[in-house]
file structure00.txt (compact mmCIF, C-alpha atoms)
# COMPACT_ATOMS: atom_id res chain seq x y z
CA MET M 1 -24.70 -34.61 -39.64
CA SER M 2 -22.57 -31.61 -38.77
CA GLN M 3 -22.90 -30.06 -35.36
CA GLU M 4 -24.33 -26.57 -35.30
CA MET M 5 -21.92 -23.92 -34.10
CA VAL M 6 -22.36 -20.56 -32.44
CA THR M 7 -20.01 -17.60 -32.63
CA VAL M 8 -18.74 -16.19 -29.35
CA TYR M 9 -16.51 -13.18 -28.84
CA PHE M 10 -13.87 -14.68 -26.58
CA ILE M 11 -11.42 -12.78 -24.40
CA ASN M 12 -8.69 -14.72 -22.67
CA ASN M 13 -6.08 -12.65 -20.90
CA GLU M 14 -4.00 -15.73 -20.10
CA GLU M 15 -0.98 -17.04 -21.96
CA GLY M 16 -0.41 -14.96 -25.08
CA GLY M 17 -3.73 -13.20 -24.78
CA PHE M 18 -6.59 -13.57 -27.19
CA ALA M 19 -9.57 -11.41 -28.07
CA GLY M 20 -11.66 -12.37 -31.04
CA ASN M 21 -14.46 -14.50 -32.39
CA ILE M 22 -14.42 -18.24 -31.95
CA GLN M 23 -16.87 -20.94 -32.91
CA VAL M 24 -18.12 -23.35 -30.29
CA PRO M 25 -20.66 -26.16 -30.58
CA GLN M 26 -24.19 -25.14 -29.82
CA GLY M 27 -25.06 -26.03 -26.24
CA THR M 28 -21.54 -25.39 -24.91
CA THR M 29 -21.60 -24.19 -21.33
CA ALA M 30 -19.35 -21.62 -19.72
CA ALA M 31 -17.60 -24.37 -17.77
CA GLN M 32 -16.97 -26.42 -20.90
CA LEU M 33 -15.48 -23.48 -22.78
CA PHE M 34 -13.26 -22.60 -19.85
CA GLU M 35 -12.04 -26.19 -19.58
CA SER M 36 -11.36 -26.37 -23.29
CA LYS M 37 -9.32 -23.17 -23.31
CA LEU M 38 -7.57 -23.47 -19.96
CA PRO M 39 -7.46 -27.20 -19.28
CA GLY M 40 -6.52 -28.12 -15.78
CA LYS M 41 -6.84 -24.58 -14.48
CA ASN M 42 -9.11 -23.70 -11.59
CA PRO M 43 -12.01 -21.45 -12.66
CA GLY M 44 -11.98 -19.94 -9.18
CA ASP M 45 -8.64 -18.35 -9.97
CA TYR M 46 -10.23 -16.22 -12.68
CA TYR M 47 -12.98 -13.72 -13.13
CA ILE M 48 -15.23 -15.21 -15.78
CA ARG M 49 -17.89 -13.09 -17.40
CA LEU M 50 -20.61 -13.76 -19.90
CA ASN M 51 -21.96 -10.64 -21.55
CA LEU M 52 -20.31 -8.40 -18.96
CA SER M 53 -21.86 -10.22 -16.00
CA GLU M 54 -20.18 -12.85 -13.88
CA ALA M 55 -20.86 -16.22 -15.46
CA THR M 56 -22.11 -19.36 -13.83
CA ALA M 57 -20.71 -22.71 -14.83
CA ASP M 58 -23.86 -24.07 -16.43
CA GLN M 59 -24.74 -21.05 -18.55
CA VAL M 60 -25.15 -22.05 -22.16
CA LEU M 61 -23.36 -19.90 -24.71
CA CYS M 62 -25.42 -18.33 -27.46
CA ASN M 63 -24.57 -16.72 -30.75
CA ASP M 64 -22.83 -13.34 -30.37
CA ASP M 65 -22.19 -13.82 -26.67
CA ARG M 66 -19.16 -12.19 -25.14
CA PHE M 67 -17.17 -14.51 -22.90
CA ALA M 68 -14.17 -13.18 -20.98
CA ILE M 69 -11.55 -14.73 -18.74
CA THR M 70 -9.63 -12.09 -16.82
CA PRO M 71 -7.67 -12.02 -13.56
CA GLN M 72 -9.15 -12.11 -10.12
CA LYS M 73 -8.31 -9.21 -7.86
CA ILE M 74 -4.80 -7.87 -7.75
CA ASP M 75 -3.32 -6.93 -4.41
CA GLY M 76 -0.11 -5.16 -3.63
CA ALA M 77 1.38 -4.06 -0.36
CA LYS M 78 4.49 -2.66 1.15
CA MET H 1 19.85 -13.87 -32.71
CA ASN H 2 17.57 -11.90 -30.43
CA LYS H 3 19.12 -10.43 -27.34
CA LEU H 4 17.44 -10.82 -24.00
CA PRO H 5 15.78 -7.62 -22.88
CA THR H 6 17.53 -5.72 -20.16
CA LYS H 7 15.59 -2.47 -19.88
CA LEU H 8 12.08 -1.35 -19.23
CA ARG H 9 11.70 2.06 -20.83
CA PHE H 10 9.19 4.77 -20.15
CA SER H 11 8.27 7.54 -22.50
CA PRO H 12 8.79 10.97 -20.90
CA TYR H 13 5.05 11.53 -20.97
CA VAL H 14 4.18 8.34 -19.14
CA TRP H 15 6.93 8.79 -16.58
CA SER H 16 5.57 12.25 -15.81
CA LYS H 17 2.11 10.81 -15.42
CA ILE H 18 3.28 8.02 -13.11
CA VAL H 19 5.19 10.41 -10.89
CA TYR H 20 2.31 12.88 -10.82
CA LEU H 21 -0.23 10.23 -9.87
CA ARG H 22 2.18 8.65 -7.40
CA ASP H 23 2.53 11.93 -5.55
CA LYS H 24 -1.06 13.08 -5.83
CA GLY H 25 -2.25 11.29 -2.71
CA HIS H 26 -0.93 9.73 0.44
CA THR H 27 -1.44 6.19 -0.74
CA GLU H 28 0.03 3.64 -3.05
CA ILE H 29 -1.48 3.50 -6.52
CA SER H 30 -1.54 0.80 -9.14
CA GLY H 31 -2.29 0.35 -12.79
CA PHE H 32 -1.03 -1.12 -16.00
CA GLY H 33 1.67 0.12 -18.29
CA ILE H 34 0.52 0.35 -21.89
CA SER H 35 3.20 -0.87 -24.26
CA LYS H 36 4.09 0.38 -27.69
CA PRO H 37 2.72 -2.34 -30.01
CA ASP H 38 5.99 -2.95 -31.79
CA ASP H 39 8.17 -2.47 -28.72
CA LEU H 40 6.46 -4.07 -25.74
CA LEU H 41 9.09 -3.00 -23.21
CA LEU H 42 8.53 0.65 -24.02
CA VAL H 43 5.72 1.98 -21.84
CA THR H 44 3.86 4.82 -23.51
CA ASP H 45 0.92 5.19 -21.14
CA PHE H 46 -0.07 4.30 -17.61
CA VAL H 47 -3.71 3.60 -16.87
CA LEU H 48 -5.17 3.40 -13.40
CA VAL H 49 -7.66 0.67 -12.62
CA LYS H 50 -10.42 1.34 -10.13
CA GLN H 51 -8.85 0.49 -6.81
CA LYS H 52 -8.90 0.82 -3.07
CA THR H 53 -5.69 2.11 -1.64
CA SER H 54 -4.02 2.80 1.65
CA ALA H 55 -0.64 4.15 2.57
CA ALA H 56 0.91 0.77 2.07
CA SER H 57 -1.47 -1.30 -0.01
CA ILE H 58 -3.52 -1.38 -3.17
CA SER H 59 -6.35 -3.62 -4.20
CA LEU H 60 -7.76 -3.86 -7.71
CA ASP H 61 -10.90 -5.91 -7.78
CA ALA H 62 -11.74 -8.32 -10.56
CA PRO H 63 -14.64 -6.39 -12.15
CA ALA H 64 -12.45 -3.29 -12.31
CA ILE H 65 -9.69 -5.19 -14.07
CA ALA H 66 -12.22 -6.67 -16.47
CA SER H 67 -13.62 -3.21 -17.23
CA PHE H 68 -10.12 -1.91 -17.82
CA ILE H 69 -9.46 -4.70 -20.31
CA ASP H 70 -12.78 -4.05 -22.07
CA GLU H 71 -11.99 -0.35 -22.37
CA GLN H 72 -8.55 -0.97 -23.74
CA LEU H 73 -9.71 -3.59 -26.23
CA ALA H 74 -12.33 -1.13 -27.41
CA LEU H 75 -9.48 1.25 -28.21
CA GLY H 76 -8.09 -1.37 -30.57
CA ARG H 77 -5.25 -2.46 -28.34
CA LYS H 78 -4.13 -6.04 -27.87
CA LEU H 79 -3.95 -7.84 -24.55
CA CYS H 80 -0.18 -8.14 -24.73
CA GLU H 81 0.02 -4.34 -24.88
CA ILE H 82 -2.24 -3.60 -21.94
CA SER H 83 -2.09 -6.19 -19.20
CA ARG H 84 1.46 -7.47 -19.00
CA ILE H 85 3.18 -4.64 -17.15
CA TRP H 86 1.82 -4.26 -13.66
CA ILE H 87 2.98 -1.03 -12.07
CA HIS H 88 2.41 0.04 -8.50
CA THR H 89 4.01 2.45 -6.10
CA HIS H 90 5.52 1.97 -2.69
CA PRO H 91 5.83 4.47 0.12
CA GLY H 92 9.38 5.53 0.83
CA ASN H 93 12.10 4.34 -1.45
CA ASP H 94 12.05 0.62 -0.84
CA VAL H 95 10.96 -0.98 -4.08
CA THR H 96 11.51 -4.54 -2.97
CA PRO H 97 8.36 -6.57 -3.64
CA SER H 98 6.47 -7.59 -0.53
CA ASP H 99 5.13 -11.09 0.00
CA THR H 100 1.77 -9.82 -1.18
CA ASP H 101 3.35 -8.46 -4.34
CA GLU H 102 5.13 -11.74 -4.97
CA ASN H 103 1.99 -13.77 -4.42
CA THR H 104 0.06 -11.56 -6.82
CA PHE H 105 2.77 -11.73 -9.44
CA ARG H 106 2.83 -15.50 -9.18
CA ASP H 107 -0.93 -16.11 -8.99
CA ARG H 108 -2.31 -13.42 -11.28
CA PHE H 109 0.47 -13.08 -13.80
CA GLY H 110 1.86 -16.61 -13.74
CA GLY H 111 -0.44 -17.79 -16.52
CA LEU H 112 0.72 -15.14 -18.97
CA ASN H 113 3.48 -15.87 -21.43
CA TRP H 114 5.39 -13.00 -19.93
CA ALA H 115 4.76 -10.27 -17.39
CA ILE H 116 6.58 -7.49 -15.60
CA MET H 117 6.15 -6.32 -12.03
CA CYS H 118 7.34 -2.74 -11.74
CA ILE H 119 7.47 -0.88 -8.43
CA VAL H 120 8.03 2.87 -8.23
CA GLY H 121 9.14 4.26 -4.89
CA LYS H 122 7.95 7.59 -3.55
CA ALA H 123 11.50 8.81 -3.49
CA GLY H 124 12.24 7.80 -7.06
CA ALA H 125 13.68 4.29 -6.96
CA VAL H 126 12.29 1.82 -9.48
CA SER H 127 12.43 -1.94 -9.68
CA ALA H 128 11.26 -4.05 -12.58
CA ARG H 129 11.25 -7.80 -12.95
CA LEU H 130 10.46 -9.64 -16.14
CA LYS H 131 9.10 -13.15 -15.86
CA PHE H 132 8.76 -15.66 -18.70
CA ASN H 133 6.19 -18.34 -17.99
CA VAL H 134 6.66 -20.34 -21.16
CA GLY H 135 9.59 -22.24 -22.56
CA VAL H 136 12.51 -22.04 -20.20
CA LYS H 137 10.71 -20.28 -17.39
CA THR H 138 12.91 -17.57 -16.05
CA GLU H 139 12.90 -14.23 -14.30
CA MET H 140 15.25 -11.32 -14.67
CA GLU H 141 15.64 -7.91 -13.18
CA LEU H 142 15.39 -5.10 -15.66
CA SER H 143 16.82 -1.66 -15.38
CA ALA H 144 14.30 1.11 -15.83
CA GLU H 145 14.86 4.35 -17.63
CA VAL H 146 13.06 7.22 -19.25
CA ASP H 147 13.60 7.14 -22.98
CA TYR H 148 13.93 10.76 -24.02
CA SER H 149 14.40 9.73 -27.61
CA TYR H 150 10.71 8.91 -27.69
CA PRO H 151 8.61 11.92 -28.72
CA PHE H 152 6.46 13.29 -25.94
CA SER H 153 3.70 15.75 -25.43
CA GLY H 154 2.95 17.99 -22.50
CA SER H 155 1.23 17.28 -19.23
CA ASN H 156 -2.49 16.76 -18.96
CA TYR H 157 -3.24 17.48 -15.36
CA GLU H 158 -6.96 17.86 -15.89
CA ALA H 159 -7.30 14.39 -17.36
CA TRP H 160 -4.88 12.89 -14.85
CA ASN H 161 -6.74 14.42 -11.95
CA LYS H 162 -10.02 13.08 -13.27
CA GLU H 163 -8.55 9.64 -13.75
CA TYR H 164 -7.24 9.69 -10.20
CA ALA H 165 -10.56 10.87 -8.81
CA ASP H 166 -12.49 8.27 -10.77
CA LYS H 167 -10.23 5.33 -10.06
CA VAL H 168 -8.53 5.76 -6.71
CA GLU H 169 -10.50 5.31 -3.54
CA GLU H 170 -8.33 6.09 -0.57
CA GLU H 171 -9.30 4.02 2.40
CA THR H 172 -9.37 5.72 5.75
CA CYS H 173 -6.76 4.17 7.94
CA HIS H 174 -6.41 4.41 11.67
CA ILE H 175 -3.11 4.18 13.40
CA TRP H 176 -3.60 2.76 16.83
CA LYS H 177 -0.91 2.72 19.39
CA GLY H 178 -1.48 2.27 23.06
CA ASN H 179 -4.38 4.48 23.89
CA THR H 180 -3.74 6.97 21.12
CA VAL H 181 -5.90 7.00 18.03
CA PHE H 182 -5.23 9.11 15.00
CA SER H 183 -8.45 9.13 13.07
CA GLU H 184 -8.92 9.79 9.39
CA ALA H 185 -5.23 9.41 8.99
CA TYR H 186 -2.94 8.08 6.42
CA ALA H 187 0.23 6.49 7.57
CA ASP H 188 2.84 8.27 5.59
CA TYR H 189 6.21 9.79 5.85
CA PRO H 190 6.28 13.06 7.68
CA GLU H 191 6.02 16.00 5.35
CA GLY H 192 9.38 16.79 3.86
CA HIS H 193 10.87 13.51 4.99
CA GLN H 194 12.70 11.88 2.12
CA GLY H 195 13.17 8.63 3.93
CA ASN H 196 16.39 6.98 4.97
CA SER H 197 17.51 3.82 6.58
CA CYS H 198 16.63 5.08 10.04
CA TYR H 199 13.12 6.17 9.23
CA ASN H 200 12.44 3.68 6.53
CA TRP H 201 8.96 2.20 6.47
CA GLY H 202 10.52 -1.15 7.06
CA HIS H 203 12.08 0.12 10.26
CA GLN H 204 10.17 -1.01 13.28
CA LYS H 205 10.13 2.50 14.59
CA TYR H 206 7.39 3.50 12.19
CA TRP H 207 6.02 0.33 10.93
CA ASN H 208 6.04 -2.72 13.10
CA HIS H 209 4.72 -0.71 15.99
CA CYS H 210 1.80 0.61 13.99
CA ASN H 211 -1.30 -1.51 13.84
CA ARG H 212 -3.14 -0.29 10.81
CA ARG H 213 -6.84 -0.85 10.96
CA TYR H 214 -9.56 0.02 8.55
CA GLU H 215 -12.68 1.69 9.80
CA ASP H 216 -15.01 -1.19 9.27
CA PRO H 217 -13.87 -4.16 11.37
CA ASN H 218 -16.03 -6.53 9.37
CA GLU H 219 -14.40 -5.45 6.16
CA ARG H 220 -11.04 -5.81 7.80
CA LEU H 221 -11.99 -9.26 9.03
CA GLN H 222 -12.51 -10.37 5.48
CA LYS H 223 -9.10 -9.13 4.55
CA SER H 224 -7.13 -10.22 7.54
CA PRO H 225 -8.55 -12.36 10.33
CA LYS H 226 -5.42 -11.82 12.36
CA VAL H 227 -6.10 -8.14 12.77
CA ILE H 228 -9.64 -8.58 13.93
CA ILE H 229 -8.47 -10.95 16.60
CA GLU H 230 -6.21 -8.22 17.87
CA ALA H 231 -9.08 -5.80 17.72
CA ALA H 232 -11.29 -8.06 19.72
CA THR H 233 -8.76 -8.40 22.47
CA GLU H 234 -7.65 -4.80 22.67
CA GLU H 235 -9.05 -2.52 25.25
CA LYS H 236 -11.14 0.40 24.22
CA PRO H 237 -8.77 3.31 23.79
CA THR H 238 -8.72 6.13 26.25
CA ASN H 239 -6.86 9.39 26.23
CA LYS H 240 -6.05 9.27 29.91
CA PRO H 241 -2.84 7.71 31.13
CA SER H 242 -4.47 6.48 34.27
CA GLU H 243 -4.07 2.75 34.10
CA PHE H 244 -0.59 2.81 35.61
CA ASN H 245 -1.33 5.54 38.07
CA MET H 246 0.71 8.00 36.07
CA VAL H 247 1.09 11.50 37.38
CA VAL H 248 1.66 14.24 34.88
CA PRO H 249 3.89 17.01 36.29
CA GLU H 250 2.31 20.39 36.81
CA GLY H 251 2.31 22.44 33.67
CA HIS H 252 2.66 19.36 31.49
CA ILE H 253 0.13 17.49 29.40
CA PRO H 254 0.36 13.91 28.21
CA LEU H 255 2.34 13.81 24.99
CA MET H 256 -0.38 11.80 23.29
CA ASN H 257 -2.85 14.59 23.96
CA GLU H 258 -0.48 17.06 22.35
CA LEU H 259 0.00 14.81 19.34
CA GLU H 260 -3.69 14.60 18.69
CA LYS H 261 -3.74 18.33 17.97
CA TYR H 262 -1.74 17.74 14.81
CA SER H 263 -2.17 15.98 11.56
CA VAL H 264 -0.58 12.58 11.45
CA PRO H 265 2.37 13.65 9.30
CA GLU H 266 3.01 16.49 11.72
CA ALA H 267 2.62 14.18 14.69
CA ILE H 268 5.00 11.63 13.25
CA GLN H 269 7.50 14.36 12.46
CA LEU H 270 7.30 15.51 16.06
CA ILE H 271 7.88 11.97 17.28
CA VAL H 272 10.88 11.79 14.99
CA ASP H 273 12.23 15.04 16.39
CA LEU H 274 11.67 13.85 19.91
CA ASP H 275 13.30 10.50 19.17
CA ILE H 276 10.54 8.65 20.91
CA ASP H 277 9.41 5.20 19.87
CA LEU H 278 5.73 4.90 19.06
CA ASP H 279 5.20 2.41 21.84
CA GLU H 280 6.66 4.86 24.35
CA ILE H 281 4.39 7.79 23.60
CA ASP H 282 2.21 6.99 26.55
CA ASP H 283 5.21 7.27 28.85
CA TYR H 284 5.81 10.94 28.11
CA SER H 285 4.39 14.25 29.13
CA CYS H 286 5.33 17.49 27.44
CA TYR H 287 5.26 21.25 27.65
CA HIS H 288 6.17 24.17 25.42
CA ASP H 289 9.40 25.94 26.26
CA GLU H 290 9.96 29.68 25.88
CA LYS H 291 10.70 29.24 22.17
CA GLY H 292 7.52 27.31 21.62
CA ASP H 293 9.36 24.05 21.10
CA ILE H 294 7.94 20.97 22.69
CA VAL H 295 9.88 19.39 25.52
CA ALA H 296 8.97 15.84 26.39
CA GLU H 297 9.72 14.13 29.66
CA LEU H 298 9.10 10.64 30.87
CA ILE H 299 6.07 10.31 33.08
CA MET H 300 6.79 7.91 35.83
CA GLU H 301 4.58 5.80 37.98
CA ASN H 302 3.69 7.41 41.25
CA GLU H 303 5.67 5.08 43.42
CA THR H 304 8.97 5.29 45.15
CA ASP H 305 11.92 3.84 43.39
CA GLU H 306 14.01 2.44 46.17
CA ARG H 307 17.16 2.00 44.20
CA GLU H 308 18.81 5.28 44.96
CA SER H 309 16.34 7.20 47.08
CA ILE H 310 17.79 9.36 49.77
CA GLY H 311 14.51 9.69 51.59
CA GLU H 312 10.87 10.06 50.84
CA HIS H 313 10.85 13.81 51.35
CA GLY H 314 14.26 14.68 50.12
CA GLY H 315 16.12 15.23 46.95
CA PHE H 316 19.60 15.08 45.59
CA VAL H 317 21.77 16.44 42.86
CA ASP H 318 22.73 13.88 40.31
CA GLN H 319 26.10 13.53 38.59
CA ALA H 320 25.05 15.95 35.90
CA GLY H 321 24.17 18.53 38.50
CA LYS H 322 20.47 18.12 38.00
CA LEU H 323 18.13 18.27 40.96
CA MET H 324 16.15 15.10 41.37
CA LEU H 325 13.14 15.11 43.65
CA ALA H 326 11.53 12.28 45.48
CA PRO H 327 8.15 11.22 44.11
CA SER H 328 6.23 12.19 47.21
CA ILE H 329 7.36 15.77 46.78
CA SER H 330 7.35 16.15 43.04
CA GLY H 331 4.19 14.21 42.41
CA GLY H 332 5.65 12.19 39.67
CA ASN H 333 9.25 13.04 38.98
CA SER H 334 11.48 10.08 39.00
CA TRP H 335 14.85 8.71 39.81
CA LYS H 336 15.01 7.26 36.38
CA ASP H 337 16.63 9.05 33.50
CA LYS H 338 14.21 11.77 32.55
CA SER H 339 16.43 13.64 30.17
CA ASN H 340 14.39 16.05 28.12
CA LYS H 341 13.61 15.44 24.51
CA LYS H 342 12.95 18.47 22.39
CA GLY H 343 11.00 18.74 19.20
CA LYS H 344 10.20 21.72 17.03
CA LYS H 345 6.67 22.70 16.22
call {"tool": "encode", "arguments": {"input": "structure00.txt", "output": "structure tokens"}}
result
Amino acid sequence: MSQEMVTVYFINNEEGGFAGNIQVPQGTTAAQLFESKLPGKNPGDYYIRLNLSEATADQVLCNDDRFAITPQKIDGAK
Amino acid sequence: MNKLPTKLRFSPYVWSKIVYLRDKGHTEISGFGISKPDDLLLVTDFVLVKQKTSAASISLDAPAIASFIDEQLALGRKLCEISRIWIHTHPGNDVTPSDTDENTFRDRFGGLNWAIMCIVGKAGAVSARLKFNVGVKTEMELSAEVDYSYPFSGSNYEAWNKEYADKVEEETCHIWKGNTVFSEAYADYPEGHQGNSCYNWGHQKYWNHCNRRYEDPNERLQKSPKVIIEAATEEKPTNKPSEFNMVVPEGHIPLMNELEKYSVPEAIQLIVDLDIDLDEIDDYSCYHDEKGDIVAELIMENETDERESIGEHGGFVDQAGKLMLAPSISGGNSWKDKSNKKGKK
């Protein structure tokens, strides 16, 4: 029996950069998607949003969700 | 075989915009260079991200960066065109990355396949460093130039001003030194000062002696615990040079009182003219001479210096022919060198 999938608009600023639709298994959480896309990376180093709001690790992704991984704050100084 | 890139190029339009926004306020600014899709090292636009800035720092928070990326993606741009070239300005002309810059470049841009940190100095210098984070990881300095072969349109001050107003929040910064407080000030070069090795921001004369402090100590605490510790141990500032029993000569006022009449750039310019270190301001009194220039003299403690005194009620003529009076008579003049320092106002 095939696993049901949901479509998520995924933005990942890391590496080469990606913005587009992906399919993930139904029931996938924000933490699981992060781990699958950036294995070994610390989620705390990124600003992770689900539908334009900061995501929590256990949020379950739904069809047509927008999930984005972008940088934490950027500081510069002289 | 592809050649390694050696130049970061700016379209004339974007260079004009960067310089305009750089000079619009007294603070650093930061944003992202937008690359030409088929030539990623050609910057064709510069977009500010909502940020808090001071004379020597910028801070772009995560939601603002995320919003910037959303806006740019909505315009049909790709991530590699919009978030790989980090541009920020520095006061003065020193475009060497600070430790903060380096940490940011490593931590926030280290996961990208490639990224550029570009720093534009107030006086026109530019540095650019390209970093590859994949394959043979390497970094290289790039030269920066305006590519006049790229077609360009005219200025758009109205839009640039709006972008600046919407995105840049200048943080009020206090310069504290001794018992002098310049409020609502931005540490900056004196007006008209182009900067040089002597008055460089990195020079201790204008930098290491300045303790910058934001208005809200709690906010500052979050940013830098070290500073709040200093704040907690510092005495409440006062405008009176009384703690060392200073006596200001008749007709003089404490120099720090005079400085507080001026804007900070003016005050710093005056200190430059007077050749007085910031940590010595409290030691000086001043008066206006017949031309209106300010003459500063050391204020001395009201005690007898026994080194060369010729008597408590006497005086003598020094080697330069200058009359030196004993403290008990002059009420504060000194045996020490009190050569005048003059500054124009």
call {"tool": "interface_residues", "arguments": {"input": "structure00.txt", "of": "chain M", "to": "chain H", "cutoff": "9 Å", "atoms": "all atoms listed in the file", "output": "ChimeraX atom specification"}}
result
/M:11-19,45-47,49,52,54,68-78
call {"tool": "atom_distance", "arguments": {"input": "structure00.txt", "atom1": "atom CA of H:Phe32", "atom2": "atom CA of H:Ile85"}}
result
5.6 Å
call {"tool": "atom_distance", "arguments": {"input": "structure00.txt", "atom1": "atom CA of H:Ser35", "atom2": "atom CA of M:Gly44"}}
result
28.7 Å
call {"tool": "residues_around", "arguments": {"input": "structure00.txt", "residues": "M:Ala31", "least_positions_apart": "2", "cutoff": "8 Å", "atoms": "all atoms listed in the file", "output": "list in words"}}
result
Thr29, Leu33, Phe34, Glu35, Thr56, Ala57, Asp58 and Gln59 of chain M
call {"tool": "atom_distance", "arguments": {"input": "structure00.txt", "atom1": "atom CA of M:Lys41", "atom2": "atom CA of M:Phe10"}}
result
17.1 Å
call {"tool": "closest_residue", "arguments": {"input": "structure00.txt", "among": "M:Thr7, M:Ala55, M:Asp65, M:Val24", "to": "M:Lys37", "atoms": "all atoms listed in the file"}}
result
M:Val24
call {"tool": "closest_residue", "arguments": {"input": "structure00.txt", "among": "M:Phe67, M:Cys62, M:Pro39, M:Ser53", "to": "M:Glu4", "atoms": "all atoms listed in the file"}}
result
M:Cys62
call {"tool": "closest_residue", "arguments": {"input": "structure00.txt", "among": "M:Ile48, M:Val8, M:Leu61, M:Leu38", "to": "M:Gln26", "atoms": "all atoms listed in the file"}}
result
M:Leu61
call {"tool": "axis_aligned_box", "arguments": {"input": "structure00.txt", "around": "stretch 21-34 of chain M", "padding_each_side": "4 Å", "output": "AutoDock Vina command-line options"}}
result
--center_x -19.2 --center_y -20.5 --center_z -25.3 --size_x 19.8 --size_y 19.9 --size_z 23.1
call {"tool": "build_atoms", "arguments": {"input": "structure00.txt", "residues": "stretch 98-116 of chain H", "atoms": "N, CA and C atoms", "output": "PDB file, keeping the file's coordinate frame"}}
result
ATOM      1  N   SER H  98       6.883  -6.955  -1.784  1.00  0.00           N
ATOM      2  CA  SER H  98       6.470  -7.590  -0.530  1.00  0.00           C
ATOM      3  C   SER H  98       5.996  -9.010  -0.833  1.00  0.00           C
ATOM      4  N   ASP H  99       5.686  -9.753   0.211  1.00  0.00           N
ATOM      5  CA  ASP H  99       5.130 -11.090   0.000  1.00  0.00           C
ATOM      6  C   ASP H  99       3.828 -11.019  -0.773  1.00  0.00           C
ATOM      7  N   THR H 100       3.031  -9.988  -0.453  1.00  0.00           N
ATOM      8  CA  THR H 100       1.770  -9.820  -1.180  1.00  0.00           C
ATOM      9  C   THR H 100       2.038  -9.576  -2.657  1.00  0.00           C
ATOM     10  N   ASP H 101       2.996  -8.730  -2.942  1.00  0.00           N
ATOM     11  CA  ASP H 101       3.350  -8.460  -4.340  1.00  0.00           C
ATOM     12  C   ASP H 101       3.783  -9.751  -5.048  1.00  0.00           C
ATOM     13  N   GLU H 102       4.626 -10.507  -4.365  1.00  0.00           N
ATOM     14  CA  GLU H 102       5.130 -11.740  -4.970  1.00  0.00           C
ATOM     15  C   GLU H 102       3.999 -12.734  -5.227  1.00  0.00           C
ATOM     16  N   ASN H 103       3.109 -12.840  -4.252  1.00  0.00           N
ATOM     17  CA  ASN H 103       1.990 -13.770  -4.420  1.00  0.00           C
ATOM     18  C   ASN H 103       1.107 -13.353  -5.600  1.00  0.00           C
ATOM     19  N   THR H 104       0.871 -12.050  -5.705  1.00  0.00           N
ATOM     20  CA  THR H 104       0.060 -11.560  -6.820  1.00  0.00           C
ATOM     21  C   THR H 104       0.752 -11.806  -8.147  1.00  0.00           C
ATOM     22  N   PHE H 105       2.032 -11.542  -8.187  1.00  0.00           N
ATOM     23  CA  PHE H 105       2.770 -11.730  -9.440  1.00  0.00           C
ATOM     24  C   PHE H 105       2.757 -13.201  -9.858  1.00  0.00           C
ATOM     25  N   ARG H 106       2.845 -14.068  -8.868  1.00  0.00           N
ATOM     26  CA  ARG H 106       2.830 -15.500  -9.180  1.00  0.00           C
ATOM     27  C   ARG H 106       1.424 -15.968  -9.584  1.00  0.00           C
ATOM     28  N   ASP H 107       0.413 -15.561  -8.790  1.00  0.00           N
ATOM     29  CA  ASP H 107      -0.930 -16.110  -8.990  1.00  0.00           C
ATOM     30  C   ASP H 107      -1.695 -15.435 -10.124  1.00  0.00           C
ATOM     31  N   ARG H 108      -1.500 -14.143 -10.304  1.00  0.00           N
ATOM     32  CA  ARG H 108      -2.310 -13.420 -11.280  1.00  0.00           C
ATOM     33  C   ARG H 108      -1.591 -13.210 -12.611  1.00  0.00           C
ATOM     34  N   PHE H 109      -0.286 -13.304 -12.574  1.00  0.00           N
ATOM     35  CA  PHE H 109       0.470 -13.080 -13.800  1.00  0.00           C
ATOM     36  C   PHE H 109       1.239 -14.326 -14.239  1.00  0.00           C
ATOM     37  N   GLY H 110       1.104 -15.400 -13.446  1.00  0.00           N
ATOM     38  CA  GLY H 110       1.860 -16.610 -13.740  1.00  0.00           C
ATOM     39  C   GLY H 110       1.348 -17.388 -14.940  1.00  0.00           C
ATOM     40  N   GLY H 111       0.124 -17.078 -15.368  1.00  0.00           N
ATOM     41  CA  GLY H 111      -0.440 -17.790 -16.520  1.00  0.00           C
ATOM     42  C   GLY H 111      -0.192 -17.061 -17.840  1.00  0.00           C
ATOM     43  N   LEU H 112       0.418 -15.905 -17.759  1.00  0.00           N
ATOM     44  CA  LEU H 112       0.720 -15.140 -18.970  1.00  0.00           C
ATOM     45  C   LEU H 112       2.049 -15.592 -19.544  1.00  0.00           C
ATOM     46  N   ASN H 113       2.208 -15.456 -20.831  1.00  0.00           N
ATOM     47  CA  ASN H 113       3.480 -15.870 -21.430  1.00  0.00           C
ATOM     48  C   ASN H 113       4.648 -15.086 -20.828  1.00  0.00           C
ATOM     49  N   TRP H 114       4.377 -13.816 -20.580  1.00  0.00           N
ATOM     50  CA  TRP H 114       5.390 -13.000 -19.930  1.00  0.00           C
ATOM     51  C   TRP H 114       4.686 -11.881 -19.161  1.00  0.00           C
ATOM     52  N   ALA H 115       5.339 -11.374 -18.167  1.00  0.00           N
ATOM     53  CA  ALA H 115       4.760 -10.270 -17.390  1.00  0.00           C
ATOM     54  C   ALA H 115       5.891  -9.537 -16.669  1.00  0.00           C
ATOM     55  N   ILE H 116       5.603  -8.302 -16.334  1.00  0.00           N
ATOM     56  CA  ILE H 116       6.580  -7.490 -15.600  1.00  0.00           C
ATOM     57  C   ILE H 116       5.908  -6.904 -14.366  1.00  0.00           C
TER      58      ILE H 116
END
